[in-house]
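> Structure file coords20.tsv (TSV, C-alpha atoms) is given on the next line.
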```tsv
chain	number	residue	atom	x	y	z
A	1	MET	CA	86.72	68.01	112.61
A	2	ILE	CA	90.44	68.41	113.36
A	3	PHE	CA	91.24	67.55	109.75
A	4	ARG	CA	89.11	70.46	108.56
A	5	TYR	CA	90.97	72.88	110.83
A	6	LEU	CA	94.32	71.56	109.65
A	7	LEU	CA	93.23	71.91	106.04
A	8	VAL	CA	92.14	75.51	106.58
A	9	ILE	CA	95.40	76.33	108.38
A	10	PHE	CA	97.42	74.71	105.56
A	11	PHE	CA	95.73	76.82	102.88
A	12	PHE	CA	96.03	79.94	105.05
A	13	ILE	CA	99.80	79.44	105.42
A	14	PHE	CA	100.16	78.63	101.71
A	15	CYS	CA	98.46	81.92	100.77
A	16	PHE	CA	100.84	83.89	103.01
A	17	GLN	CA	103.86	82.14	101.49
A	18	ALA	CA	102.67	82.98	97.95
A	19	LYS	CA	102.13	86.64	98.93
A	20	ALA	CA	105.61	86.81	100.51
A	21	GLN	CA	107.19	85.45	97.33
A	22	THR	CA	105.37	88.03	95.18
A	23	ASP	CA	106.44	90.90	97.43
A	24	SER	CA	110.01	89.67	97.43
A	25	LEU	CA	110.27	90.17	93.64
A	26	PHE	CA	109.60	93.92	93.97
A	27	ILE	CA	112.54	96.06	92.82
A	28	GLN	CA	111.27	99.60	92.35
A	29	LYS	CA	108.22	101.82	91.99
A	30	GLY	CA	108.20	105.08	90.05
A	31	ILE	CA	107.41	106.96	86.88
A	32	ALA	CA	107.73	105.44	83.43
A	33	SER	CA	107.61	106.99	80.00
A	34	TYR	CA	108.34	105.63	76.54
A	35	TYR	CA	110.67	106.20	73.59
A	36	GLY	CA	109.26	108.13	70.68
A	37	GLY	CA	109.54	106.98	67.09
A	38	LYS	CA	112.59	109.18	66.45
A	39	PHE	CA	114.85	106.64	68.22
A	40	HIS	CA	113.76	103.76	65.97
A	41	GLY	CA	116.81	102.24	64.26
A	42	ARG	CA	119.35	104.00	66.48
A	43	LYS	CA	121.98	102.23	68.56
A	44	SER	CA	121.21	101.90	72.28
A	45	ALA	CA	123.77	102.10	75.09
A	46	SER	CA	124.16	98.32	75.03
A	47	GLY	CA	125.06	98.42	71.34
A	48	GLU	CA	121.76	96.90	70.23
A	49	ILE	CA	119.64	98.67	67.65
A	50	TYR	CA	116.40	100.01	69.13
A	51	HIS	CA	113.28	98.78	67.43
A	52	LYS	CA	109.97	100.35	68.43
A	53	ASP	CA	108.15	97.00	68.17
A	54	SER	CA	110.48	95.19	70.59
A	55	LEU	CA	109.76	94.79	74.29
A	56	THR	CA	112.78	96.65	75.64
A	57	ALA	CA	113.48	99.39	78.16
A	58	ALA	CA	116.04	101.88	79.42
A	59	HIS	CA	116.93	101.99	83.13
A	60	LYS	CA	119.44	104.03	85.12
A	61	ILE	CA	121.41	101.20	86.71
A	62	LEU	CA	119.91	97.76	86.04
A	63	PRO	CA	122.42	95.68	84.04
A	64	PHE	CA	121.90	95.24	80.32
A	65	GLY	CA	119.98	92.07	79.55
A	66	THR	CA	118.01	92.13	82.81
A	67	VAL	CA	114.45	90.97	82.24
A	68	VAL	CA	111.84	92.66	84.44
A	69	LYS	CA	108.08	92.76	84.75
A	70	VAL	CA	106.64	96.28	84.58
A	71	THR	CA	103.08	96.86	85.83
A	72	ASN	CA	101.07	100.00	85.11
A	73	LEU	CA	99.44	100.67	88.50
A	74	LYS	CA	96.65	102.79	87.02
A	75	ARG	CA	95.43	100.12	84.60
A	76	ASN	CA	96.80	97.01	86.33
A	77	THR	CA	98.39	95.78	83.09
A	78	SER	CA	101.84	94.18	82.88
A	79	VAL	CA	104.55	93.58	80.33
A	80	ILE	CA	107.91	91.81	80.48
A	81	VAL	CA	110.81	93.83	79.04
A	82	ARG	CA	114.58	93.51	78.67
A	83	VAL	CA	116.90	96.37	79.65
A	84	THR	CA	118.97	97.46	76.63
A	85	ASP	CA	119.56	101.16	77.21
A	86	ARG	CA	120.44	103.74	79.88
A	87	LEU	CA	118.51	106.65	81.32
A	88	PRO	CA	120.49	109.67	82.50
A	89	MET	CA	121.15	109.60	86.24
A	90	SER	CA	119.49	113.03	86.49
A	91	SER	CA	116.22	111.71	85.05
A	92	LYS	CA	113.17	111.78	87.31
A	93	ARG	CA	111.81	108.68	85.59
A	94	GLN	CA	112.74	105.18	86.70
A	95	ILE	CA	112.28	103.47	83.35
A	96	ASP	CA	111.66	104.31	79.68
A	97	LEU	CA	109.80	101.68	77.69
A	98	SER	CA	109.77	100.88	74.00
A	99	LEU	CA	106.71	101.94	72.05
A	100	ALA	CA	105.41	98.35	71.96
A	101	ALA	CA	105.80	97.90	75.73
A	102	ALA	CA	104.09	101.23	76.46
A	103	SER	CA	101.26	100.22	74.15
A	104	GLU	CA	100.74	96.94	76.04
A	105	LEU	CA	100.62	98.90	79.31
A	106	GLY	CA	98.09	101.37	77.88
A	107	MET	CA	100.43	104.36	78.38
A	108	LEU	CA	100.48	105.84	74.88
A	109	ARG	CA	97.78	108.41	75.51
A	110	ASP	CA	99.03	109.50	78.95
A	111	GLY	CA	102.73	109.47	78.05
A	112	LEU	CA	103.73	108.85	81.67
A	113	GLY	CA	102.57	106.35	84.22
A	114	THR	CA	103.28	105.09	87.71
A	115	VAL	CA	104.71	101.59	87.47
A	116	ARG	CA	105.95	98.76	89.63
A	117	ILE	CA	109.15	97.05	88.48
A	118	GLU	CA	109.70	93.45	89.56
A	119	ALA	CA	112.12	90.63	88.89
A	120	ILE	CA	110.47	87.92	86.83
A	121	ASP	CA	111.46	85.17	89.25
A	122	LEU	CA	113.62	84.45	92.28
A	123	ASP	CA	116.59	83.38	90.15
A	124	GLN	CA	116.58	86.77	88.38
A	125	LEU	CA	116.42	88.49	91.77
A	126	ASP	CA	119.41	86.45	93.00
A	127	LYS	CA	121.41	87.50	89.91
A	128	LEU	CA	120.62	91.17	90.62
A	129	ILE	CA	121.62	90.81	94.28
A	130	ASP	CA	124.92	89.22	93.22
A	131	TYR	CA	125.51	91.92	90.58
A	132	PHE	CA	124.96	94.80	93.00
A	133	GLU	CA	126.92	93.28	95.91
A	134	GLY	CA	129.34	95.99	97.00
A	135	ARG	CA	127.98	98.46	94.42
A	136	PRO	CA	125.62	101.34	95.12
A	137	HIS	CA	122.03	100.72	94.05
A	138	PRO	CA	120.01	103.79	95.05
A	139	ASN	CA	116.22	103.47	94.97
A	140	LEU	CA	116.34	99.73	94.25
A	141	ARG	CA	114.93	97.28	96.74
A	142	LEU	CA	116.96	94.11	96.46
A	143	ARG	CA	116.27	91.80	99.35
A	144	PRO	CA	117.18	88.16	99.32
A	145	TYR	CA	114.27	85.78	99.58
A	146	TYR	CA	114.98	82.61	101.46
A	147	ARG	CA	113.02	79.80	99.93
A	148	GLY	CA	111.06	77.81	102.45
A	149	ILE	CA	111.66	74.15	103.05
A	150	ILE	CA	108.75	72.17	101.69
A	151	VAL	CA	108.05	69.00	103.62
A	152	PRO	CA	106.04	66.52	101.59
A	153	PHE	CA	102.82	65.36	103.20
A	154	THR	CA	102.83	61.57	103.13
A	155	LYS	CA	100.52	58.85	104.34
A	156	ASP	CA	102.81	58.29	107.35
A	157	SER	CA	102.66	61.93	108.41
A	158	PHE	CA	98.86	61.80	108.10
A	159	ASN	CA	98.82	58.83	110.49
A	160	LEU	CA	100.94	60.77	112.99
A	161	ILE	CA	98.33	63.54	113.15
A	162	PHE	CA	95.43	61.18	113.78
```
Step by step, read the file and then write its structure as structure tokens.

Amino acid sequence: MIFRYLLVIFFFIFCFQAKAQTDSLFIQKGIASYYGGKFHGRKSASGEIYHKDSLTAAHKILPFGTVVKVTNLKRNTSVIVRVTDRLPMSSKRQIDLSLAAASELGMLRDGLGTVRIEAIDLDQLDKLIDYFEGRPHPNLRLRPYYRGIIVPFTKDSFNLIF
């Protein structure tokens, strides 16, 4: 009977830890739009040539080469994009997506959408925290996530419980 309770408690704690890790990857929430076809073949701010079929994006301050997950909150669809261009600081949008990325998010008809921008993993989040240390990063939520210590459950530890 005690084993059942311990098993339930273990899975309960594991679910909370997984939720905490997901929330820790959150960077920003806001409005997204996408590049029209007229930018196809032009040079972006990073020097790369924009291609409408690539999964790229423009952001106000995220460093070039940053890979982020963008989720359309209306449709609950996601895409992973790489930042290759800049948005003007005066823009009300948080991110502009390539035509291909907007298509995957189902934004082509609406033109705009509310999105959630997340780091793809904890290592990417750590790189962003290091990059912005001592620099202003308005409207970005960059909080370090301290990885938990995982203690392996062995036969000896099982014997200690019972």
> Taking all atoms listed in the file into account, which of A:Lys38, A:Arg93, A:Arg86, A:Lys43 comes nearest His59 in chain A?
A:Arg86
> For CA of Val115 in chain A and CA of Ile80 in chain A, quote the distance in Å rounded to one decimal.
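It comes out at 12.4 Å.
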> Separation of CA of Val79 in chain A and CA of Leu97 in chain A, in Å?
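Interatomic distance, CA of Val79 in chain A to CA of Leu97 in chain A: 10.0 Å.
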> So, counting all atoms listed in the file, which residue among A:Leu105, A:Ile129, A:Pro138, A:Ala119 is closest to Asn76 in chain A?
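Counting all atoms listed in the file, the residue closest to Asn76 in chain A is A:Leu105.
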> Which value, in Å to one decimal, gives the distance between CA of His40 in chain A and CA of Glu118 in chain A?
26.1 Å
> Taking only C-alpha atoms into account, which of A:Gln124, A:His51, A:Gly106, A:Ala45 comes nearest Leu87 in chain A?
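Closest candidate: A:Ala45.
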> List the spatial neighbours of Leu73 in chain A as a PyMOL selection string - criterion: any atom at most 10 Å away, only C-alpha atoms, same-chain residues fewer than 2 positions off excluded.
chain A and resi 29-30+70-71+75-78+105+113-116
> Find the residues near Thr56 in chain A: any atom within 9 Å, counting all atoms listed in the file, skip ones fewer than 5 places away on the same chain, and give them as a list in words.
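The contact residues come out as Tyr50, His51, Val67, Ile80, Val81, Arg82, Val83, Thr84, Asp85, Asp96, Leu97, Ser98, Leu99, Ala100 and Ala101 of chain A.
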> Would you kindly return, as a ChimeraX atom specification, each protein, DNA or RNA residue with an atom no farther than 8 Å from any atom of Phe39 in chain A, considering only C-alpha atoms and excluding same-chain residues fewer than 3 positions away?
/A:35-36,42,50,52
> Name the closest residue to Ile117 in chain A among the candidates A:Arg135, A:Ile61, A:Leu25, A:Ala102; distances are taken between atoms, counting only C-alpha atoms.
A:Leu25
